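Take a look at the structure set out below.
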Amino acid sequence: MEEPDPYAWQKTLFKKWYDNGLVGVAHCSPASGKTRGGRICIERYLELFPLDRVWVIANTREVIAQWQTECKDIPDLEYFTYLGAVNRFEKLKREGKERFFPQMMILDECQQVMAKESGRVLNYGVKHYLGLSGTPNGAEKKLGGVIERVTFEQAHIADASVYLVRFQPTEDELEKYRRATASIDRHKEKYPFGNIFNDAVLSRLYLRRRQVTYRFDSRVDHAISIILKNKDRKVMVFCMLQDQAKTLSERLNEMGIDNTLHLSSHEGLSRFVSGETNICISCKKLSVGFSYVPADVAILVSTAISEMHIVQEMARVLRPATGKHADIYILVANDTTDTSLCNDKGFFIRSRIIETNINDIKDSD
């Protein structure tokens with residue numbers, strides 16, 4: 001099949017990168033075609049520097065496989081995860097083979113360089129690199145700035161509806177949440193003048209409260225209701241906690257509803273992609289980079305309130321296809337910090353947000 005023409009931003013990306021000294025970040029909305037944009041830059045780079053070595057570095061083996069497919073006609077590229085690249089650099093250094101270091105790196109999901117270990121890929125003197133991400137999360141400051149920005153509105157994504165599904169936690173759940181909030185308030189009393197920045201204890205207390213919210217048992221019940229409405233579609237379910245993902249999978253199995261649990265095993269993902277099952281339950285593993293066009297329903301059972309998590313998880317079902325409509329359900333616990341999702345909708349495609357509640361979802365056809 002003949003490849004479609006590149007998008008306008010893909011055509012101009014190399015020049016912007018070149019004019020910036022062959023460094024920089026393309027801040028590309030998920031589903032905007034950043035892999036192809038990166039491939040075009042590799043091709044143009046190798047036209048100028050045909051003897052240079054190029055490494056493609058990505059966050060997971062699944063994403064690496066997508067790059068290998070995209071770049072199958074470009075010989076001699078090497079592919080690594082971030083930690084795999086660091087290990088390769090170290091091995092070459094020990095053996096005195098620095099001449100085999102790359103001259104250029106593609107850094108897909110480049111926010112990974114903000115992590116201590118993954119960020120070591122920048123310590124080996126490689127002069128040219130192109131970062132790609134929908135959520136750079138500060139990586140652009142390390143990588144030469146943003147050279148291109150592709151928004152959701154510019155991206156070629158599937159038509160979609162985003163449902164913010166409110167539910168009322170049980171009284172026991174809310175009591176645990178209130179106790180976590182009380183711990184935060186007591187600690188903040190130590191700072192009567194409000195100077196509480198960079199307080200590690202306070203950060204842990206906020207995280208603990210979020211984890212209390214993630215663990216509401218009622219989330220699993222409500223997720224099952226949404227799955228039942230969509231079980232004949234290709235459904236991707238996201239949980240923040242492994243035990244929650246396992247519980248949800250076990251509950252569905254008890255109901256005779258086939259599903260696959262993808263925590264780390266590639267086998268679970270293969271069952272979903274092959275069509276053996278329509279439901280894939282993941283604990284954050286698929287929130288970045290995975291591309292599977294037929295997926296058309298996402299259920300965020302529990303999610304961090306951050307652009308990086310929410311945009312990436314939504315994007316897993318926004319890959320376009322003729323006639324495709326995607327539905328994204330995000331469970332929002334009333335009387336908790338979840339409700340900030342309803343107050344600040346900057347994460348979402350504004351014209352496609354539908355605020356509703358779990359009872360309306362259950363009662364709808």
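To be explicit about the labels: the chains of the structure tokens are called A, B, and onward in the order shown, and within each one the residues are counted from 1, while ligands get numbers from 1 in the order they are shown.
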
Each residue of stretch 140-198 of chain A lying at most 12 Å from stretch 356-360 of chain A should get a row with its shortest atom-to-atom pair and the distance in Å to one decimal, counting only C-alpha atoms; could you produce that, ordered by chain and increasing number, as a tab-separated table?
```
residue	atom	partner	partner_atom	distance
A:Ser161	CA	A:Thr356	CA	11.9
A:Val162	CA	A:Thr356	CA	10.2
A:Tyr163	CA	A:Thr356	CA	6.7
A:Leu164	CA	A:Thr356	CA	6.1
A:Val165	CA	A:Asn357	CA	4.6
A:Arg166	CA	A:Asn357	CA	4.4
A:Phe167	CA	A:Ile358	CA	5.6
A:Gln168	CA	A:Ile358	CA	8.8
A:Pro169	CA	A:Ile358	CA	11.3
```

Can I get the selected residues back with all heavy atoms, as a compact mmCIF listing (two decimals), in the first residue's frame?
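Full text of part_35.txt as output:
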```txt
# COMPACT_ATOMS: atom_id res chain seq x y z
N SER A 161 -15.08 10.83 22.44
CA SER A 161 -15.81 11.44 23.54
C SER A 161 -15.09 11.09 24.84
O SER A 161 -14.70 9.94 25.04
CB SER A 161 -17.25 10.93 23.61
OG SER A 161 -17.95 11.24 22.42
N VAL A 162 -14.89 12.09 25.70
CA VAL A 162 -14.24 11.89 26.99
C VAL A 162 -15.30 12.04 28.08
O VAL A 162 -15.86 13.11 28.27
CB VAL A 162 -13.10 12.91 27.21
CG1 VAL A 162 -12.45 12.68 28.57
CG2 VAL A 162 -12.07 12.82 26.10
N TYR A 163 -15.57 10.95 28.78
CA TYR A 163 -16.58 10.95 29.84
C TYR A 163 -15.89 11.06 31.20
O TYR A 163 -15.10 10.18 31.58
CB TYR A 163 -17.40 9.66 29.81
CG TYR A 163 -18.23 9.48 28.56
CD1 TYR A 163 -17.71 8.84 27.43
CD2 TYR A 163 -19.55 9.95 28.50
CE1 TYR A 163 -18.46 8.68 26.28
CE2 TYR A 163 -20.32 9.78 27.36
CZ TYR A 163 -19.77 9.15 26.25
OH TYR A 163 -20.52 8.99 25.11
N LEU A 164 -16.16 12.14 31.92
CA LEU A 164 -15.72 12.26 33.30
C LEU A 164 -16.84 11.68 34.16
O LEU A 164 -17.89 12.31 34.36
CB LEU A 164 -15.45 13.72 33.65
CG LEU A 164 -14.36 14.40 32.82
CD1 LEU A 164 -14.21 15.86 33.24
CD2 LEU A 164 -13.03 13.67 32.96
N VAL A 165 -16.62 10.46 34.65
CA VAL A 165 -17.70 9.69 35.29
C VAL A 165 -17.57 9.82 36.81
O VAL A 165 -16.73 9.18 37.45
CB VAL A 165 -17.62 8.21 34.87
CG1 VAL A 165 -18.82 7.45 35.46
CG2 VAL A 165 -17.59 8.07 33.36
N ARG A 166 -18.43 10.66 37.38
CA ARG A 166 -18.39 10.84 38.84
C ARG A 166 -19.06 9.65 39.55
O ARG A 166 -20.03 9.08 39.06
CB ARG A 166 -19.12 12.12 39.22
CG ARG A 166 -18.37 13.41 38.90
CD ARG A 166 -19.20 14.61 39.30
NE ARG A 166 -18.50 15.88 39.16
CZ ARG A 166 -17.83 16.50 40.13
NH1 ARG A 166 -17.77 15.93 41.33
NH2 ARG A 166 -17.25 17.66 39.94
N PHE A 167 -18.51 9.31 40.72
CA PHE A 167 -19.15 8.32 41.57
C PHE A 167 -18.96 8.73 43.02
O PHE A 167 -18.03 9.47 43.36
CB PHE A 167 -18.58 6.91 41.32
CG PHE A 167 -17.16 6.71 41.79
CD1 PHE A 167 -16.88 6.19 43.05
CD2 PHE A 167 -16.09 7.06 40.97
CE1 PHE A 167 -15.58 6.01 43.48
CE2 PHE A 167 -14.77 6.86 41.39
CZ PHE A 167 -14.52 6.34 42.66
N GLN A 168 -19.86 8.26 43.88
CA GLN A 168 -19.79 8.60 45.29
C GLN A 168 -19.09 7.47 46.05
O GLN A 168 -19.58 6.34 46.10
CB GLN A 168 -21.19 8.82 45.87
CG GLN A 168 -21.18 9.36 47.29
CD GLN A 168 -20.49 10.73 47.36
OE1 GLN A 168 -20.59 11.55 46.44
NE2 GLN A 168 -19.78 10.95 48.46
N PRO A 169 -17.92 7.76 46.63
CA PRO A 169 -17.24 6.72 47.42
C PRO A 169 -18.10 6.31 48.63
O PRO A 169 -18.99 7.06 49.07
CB PRO A 169 -15.95 7.42 47.89
CG PRO A 169 -15.77 8.57 46.95
CD PRO A 169 -17.16 9.02 46.57
```

TODO: Run DSSP on the backbone of this structure and report the residues of stretch 55-256 of chain A it assigns to strand (DSSP E or B), as number ranges by chain.
DONE: A: 55-58, 78-81, 104-108, 128-133, 146-150, 159-167, 235-239

Task: Contacts of A:Ile227 within 10 Å, only C-alpha atoms, excl. fewer than 6 positions in-chain, as a PyMOL selection string - done: chain A and resi 233+235-237+252+257+279+297-299

- [ ] Report the residues of stretch 227-342 of chain A whose backbone DSSP state falls under alpha helix (DSSP H), written as a ChimeraX atom specification.
- [x] /A:227-230,242-254,266-273,307-315,340-342

Open item on the list: I want to know what sits within 10 Å of A:Gly24, based on only C-alpha atoms, with residues of the same chain fewer than 2 positions away left out; could you give that as a PyMOL selection string?
Closed with: chain A and resi 16-18+20-22+26-27+128-132+139-148

TODO: Go through A:Gln103, A:Thr247, A:Thr81, A:Asn123 and flag the residue nearest A:Ala65, using only C-alpha atoms for the distances.
DONE: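 Closest to A:Ala65, using only C-alpha atoms: A:Thr81.
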
TODO: Can you pull out every residue within 12 Å of A:Asp335, counting only C-alpha atoms, but drop anything in the same chain fewer than 6 positions away, and send it as a ChimeraX atom specification?
DONE: /A:166-171,173-175,177-178,181,213,342

TODO: Find the residue from A:Glu254, A:Glu78, A:Asp159, A:Asp5 that sits nearest to A:Gly33; use only C-alpha atoms when measuring.
DONE: A:Asp5

TODO: Could you tell me which of A:Asp108, A:Glu117, A:Gln66, A:Tyr329 comes closest to A:Leu83 if we count only C-alpha atoms?
DONE: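 Counting only C-alpha atoms, the residue closest to A:Leu83 is A:Glu117.
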